[in-house]
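Asker: Data file run.txt (compact mmCIF, C-alpha atoms) is appended below.
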# COMPACT_ATOMS: atom_id res chain seq x y z
CA MET Z 1 0.00 0.00 0.00
CA LYS Z 2 1.23 3.48 -0.82
CA ASP Z 3 1.09 6.13 1.88
CA ILE Z 4 1.40 9.75 0.80
CA THR Z 5 1.69 10.84 4.43
CA PHE Z 6 5.05 9.07 4.83
CA ASP Z 7 7.04 12.13 3.85
CA ARG Z 8 4.33 14.76 4.06
CA GLY Z 9 2.20 16.18 6.80
CA ALA Z 10 -0.77 18.47 7.24
CA VAL Z 11 -1.02 21.19 9.87
CA GLN Z 12 -4.29 23.01 10.60
CA LEU Z 13 -3.66 26.75 10.30
CA LEU Z 14 -7.27 27.92 10.65
CA ALA Z 15 -10.08 25.73 11.94
CA PRO Z 16 -13.16 25.99 9.72
CA ALA Z 17 -15.16 28.97 10.89
CA ASP Z 18 -17.46 31.70 9.62
CA ILE Z 19 -15.27 34.80 9.82
CA LYS Z 20 -18.00 36.87 8.07
CA ASN Z 21 -16.35 40.14 7.04
CA THR Z 22 -13.51 40.13 9.59
CA ASP Z 23 -9.96 40.33 8.23
CA THR Z 24 -8.11 37.28 9.56
CA VAL Z 25 -4.61 35.83 9.40
CA THR Z 26 -3.98 32.15 9.93
CA SER Z 27 -1.45 30.58 12.25
CA LEU Z 28 2.02 30.26 10.76
CA LEU Z 29 3.35 27.21 8.93
CA ASP Z 30 6.97 26.62 9.96
CA ILE Z 31 8.68 25.02 6.97
CA GLN Z 32 12.11 24.61 8.56
CA GLY Z 33 13.43 21.14 7.74
CA PHE Z 34 11.20 20.67 4.68
CA GLU Z 35 11.90 21.33 1.01
CA GLY Z 36 8.25 21.76 0.00
CA ALA Z 37 5.14 23.40 1.37
CA GLY Z 38 1.65 24.20 0.26
CA ILE Z 39 -1.61 25.70 1.40
CA ILE Z 40 -5.09 24.22 1.03
CA VAL Z 41 -8.06 26.53 1.57
CA ASN Z 42 -11.48 24.93 2.07
CA VAL Z 43 -14.18 27.51 1.34
CA GLY Z 44 -17.68 26.72 2.56
CA ALA Z 45 -20.68 29.01 2.65
CA LEU Z 46 -20.31 32.53 1.24
CA ALA Z 47 -22.87 35.31 1.25
CA GLY Z 48 -22.60 38.86 -0.05
CA HIS Z 49 -19.52 38.31 -2.21
CA THR Z 50 -19.85 40.39 -5.38
CA ALA Z 51 -17.60 42.56 -7.54
CA GLY Z 52 -17.86 45.27 -4.85
CA ALA Z 53 -17.46 42.97 -1.84
CA THR Z 54 -14.54 40.55 -2.07
CA THR Z 55 -12.36 38.32 0.07
CA ALA Z 56 -8.74 38.02 -1.02
CA LEU Z 57 -6.68 34.98 -0.01
CA ILE Z 58 -3.08 36.22 0.16
CA VAL Z 59 -0.13 33.92 0.91
CA GLU Z 60 2.46 35.81 2.99
CA GLU Z 61 6.01 34.92 4.08
CA SER Z 62 8.59 35.92 6.68
CA ASP Z 63 11.74 34.70 8.42
CA SER Z 64 10.34 35.98 11.74
CA THR Z 65 7.22 35.24 13.78
CA ASP Z 66 6.67 39.01 14.13
CA GLY Z 67 3.21 39.49 12.62
CA ASN Z 68 4.26 42.85 11.15
CA SER Z 69 7.17 41.32 9.21
CA PHE Z 70 5.03 39.33 6.75
CA THR Z 71 4.86 40.36 3.09
CA PRO Z 72 2.95 38.88 0.16
CA VAL Z 73 4.78 36.04 -1.60
CA ALA Z 74 6.00 36.96 -5.08
CA PRO Z 75 4.04 35.13 -7.81
CA ALA Z 76 7.30 33.49 -8.99
CA ASP Z 77 7.58 31.78 -5.58
CA LEU Z 78 4.10 30.23 -5.82
CA ILE Z 79 2.97 27.24 -7.81
CA GLY Z 80 -0.51 28.29 -8.80
CA SER Z 81 -2.46 31.00 -7.01
CA LEU Z 82 -5.32 31.51 -4.60
CA PRO Z 83 -8.38 33.38 -5.86
CA THR Z 84 -10.13 36.50 -4.73
CA LEU Z 85 -13.62 35.39 -3.72
CA ASP Z 86 -15.99 37.67 -5.60
CA ASN Z 87 -18.90 35.44 -6.55
CA ALA Z 88 -20.82 33.94 -3.63
CA THR Z 89 -22.37 31.25 -5.83
CA ALA Z 90 -19.37 30.13 -7.90
CA ASP Z 91 -16.69 30.47 -5.20
CA ALA Z 92 -18.56 28.74 -2.35
CA ASN Z 93 -17.99 25.09 -1.42
CA GLN Z 94 -14.68 24.91 -3.25
CA LEU Z 95 -11.20 23.67 -2.43
CA TYR Z 96 -8.25 25.83 -3.50
CA SER Z 97 -4.55 25.06 -3.23
CA VAL Z 98 -1.18 26.65 -3.93
CA GLY Z 99 2.42 25.46 -3.65
CA TYR Z 100 5.21 27.49 -2.07
CA ARG Z 101 8.79 27.41 -3.34
CA GLY Z 102 10.15 30.51 -1.64
CA THR Z 103 12.98 30.62 0.88
CA LYS Z 104 11.38 32.11 3.99
CA ARG Z 105 10.86 30.05 7.14
CA TYR Z 106 7.19 30.89 7.82
CA ILE Z 107 4.13 31.23 5.60
CA ARG Z 108 0.53 32.09 6.38
CA VAL Z 109 -2.68 33.17 4.65
CA ASN Z 110 -4.02 36.68 5.08
CA ILE Z 111 -7.79 36.67 4.50
CA ASP Z 112 -8.59 40.25 3.53
CA HIS Z 113 -12.16 41.51 3.05
CA THR Z 114 -12.94 44.59 0.94
CA GLU Z 115 -16.46 46.03 0.92
CA ALA Z 116 -17.72 49.14 -0.90
CA THR Z 117 -20.67 49.09 1.50
CA PRO Z 118 -19.79 47.85 5.02
CA GLY Z 119 -21.76 44.78 6.06
CA THR Z 120 -22.31 43.46 2.52
CA ILE Z 121 -20.41 40.24 3.27
CA THR Z 122 -22.50 38.27 5.75
CA ALA Z 123 -20.86 34.82 5.56
CA THR Z 124 -17.33 33.63 4.83
CA THR Z 125 -16.75 30.08 6.03
CA ILE Z 126 -13.10 29.09 5.58
CA GLY Z 127 -10.64 26.50 6.89
CA VAL Z 128 -6.92 26.49 6.03
CA ILE Z 129 -4.44 23.59 6.07
CA GLY Z 130 -0.68 23.84 5.57
CA VAL Z 131 1.03 20.88 3.91
CA LEU Z 132 4.71 20.04 4.39
CA GLY Z 133 6.64 17.74 2.11
CA PHE Z 134 10.07 16.46 1.19
CA PRO Z 135 11.69 16.50 4.63
CA ARG Z 136 15.45 17.00 4.78
CA HIS Z 137 15.77 14.29 7.45
CA MET Z 138 13.76 11.26 8.46
CA PRO Z 139 11.80 10.41 10.52
CA VAL Z 140 9.39 13.27 10.03
CA SER Z 141 8.28 15.28 13.03
CA LEU Z 142 5.57 17.76 12.14
CA PRO Z 143 5.68 21.19 13.77
CA ASP Z 144 2.71 22.67 15.58
CA PRO Z 145 1.19 25.77 14.00
CA VAL Z 146 2.87 28.93 15.28
CA THR Z 147 1.10 32.08 16.42
CA ALA Z 148 2.55 35.36 15.20
CA THR Z 149 3.89 37.69 17.85
Could you rewrite the structure in this file as structure tokens?

Answerer:
Amino acid sequence: MKDITFDRGAVQLLAPADIKNTDTVTSLLDIQGFEGAGIIVNVGALAGHTAGATTALIVEESDSTDGNSFTPVAPADLIGSLPTLDNATADANQLYSVGYRGTKRYIRVNIDHTEATPGTITATTIGVIGVLGFPRHMPVSLPDPVTAT
């Protein structure tokens, strides 16, 4: 039997929750000791997402746990991209993923709401998983998610 978890591991960065229209950052994924990382975003119910009320899913990176030190990952350091949620019907109940090939130690997802009219977005149910792969040394010991300082 083949086991894809042998050299990979998943870390919950944001438990599934309805964050409505509240800007949120996930816990940090510490990729030290791994050659590969990725992010999986599970989007559930959405309400109020239109061209004028969006939720951007932005992968950010840093070498520090200081929450203010994170910057958006350059597109060249991502394999794929995460969408901006702007259609409550089409974007709901979807799974999105992106690979990270940058060089920073920590990555996270910044979930950023923009509303032309405050209160337009009434539901944004999201869960985020970080995936680690290709460990430098075996056996694999997965890190706990880290909280920014």

Asker: From the options Z:Leu132, Z:Ala53, Z:Leu13, Z:Ile79, which residue's atoms come nearest to Thr117 of chain Z, counting all atoms listed in the file?

Answerer: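 Using all atoms listed in the file, the shortest distance to Thr117 of chain Z belongs to Z:Ala53.
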
Asker: Taking into account all atoms listed in the file, which residue in the set Z:Val128, Z:Ala37, Z:Val59, Z:Ile121 is nearest to Tyr100 of chain Z?

Answerer: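 Distance minimum relative to Tyr100 of chain Z lands on Z:Ala37.
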
Asker: With 8 Å as the threshold, what does the neighbourhood of (-5.8, 35.7, -4.2) contain in terms of residues, counting all atoms listed in the file? Coordinates are those of the file; answer as a PyMOL selection string.

Answerer: chain Z and resi 56-59+81-85

Asker: Find, counting only C-alpha atoms, the residue in Z:Ala116, Z:Leu78, Z:Asp23, Z:Thr125 that gets nearest to Ala51 of chain Z.

Answerer: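 Of the candidates, the smallest distance to Ala51 of chain Z is held by Z:Ala116.
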
Asker: What is the atom CA of Val73 of chain Z to atom CA of Pro135 of chain Z distance in Å?

Answerer: 21.6 Å

Asker: Within 12 Å of Thr22 of chain Z, counting all atoms listed in the file, which residues qualify if same-chain residues fewer than 6 places away don't, as number ranges by chain?

Answerer: Z: 54-56, 110-115, 118-126
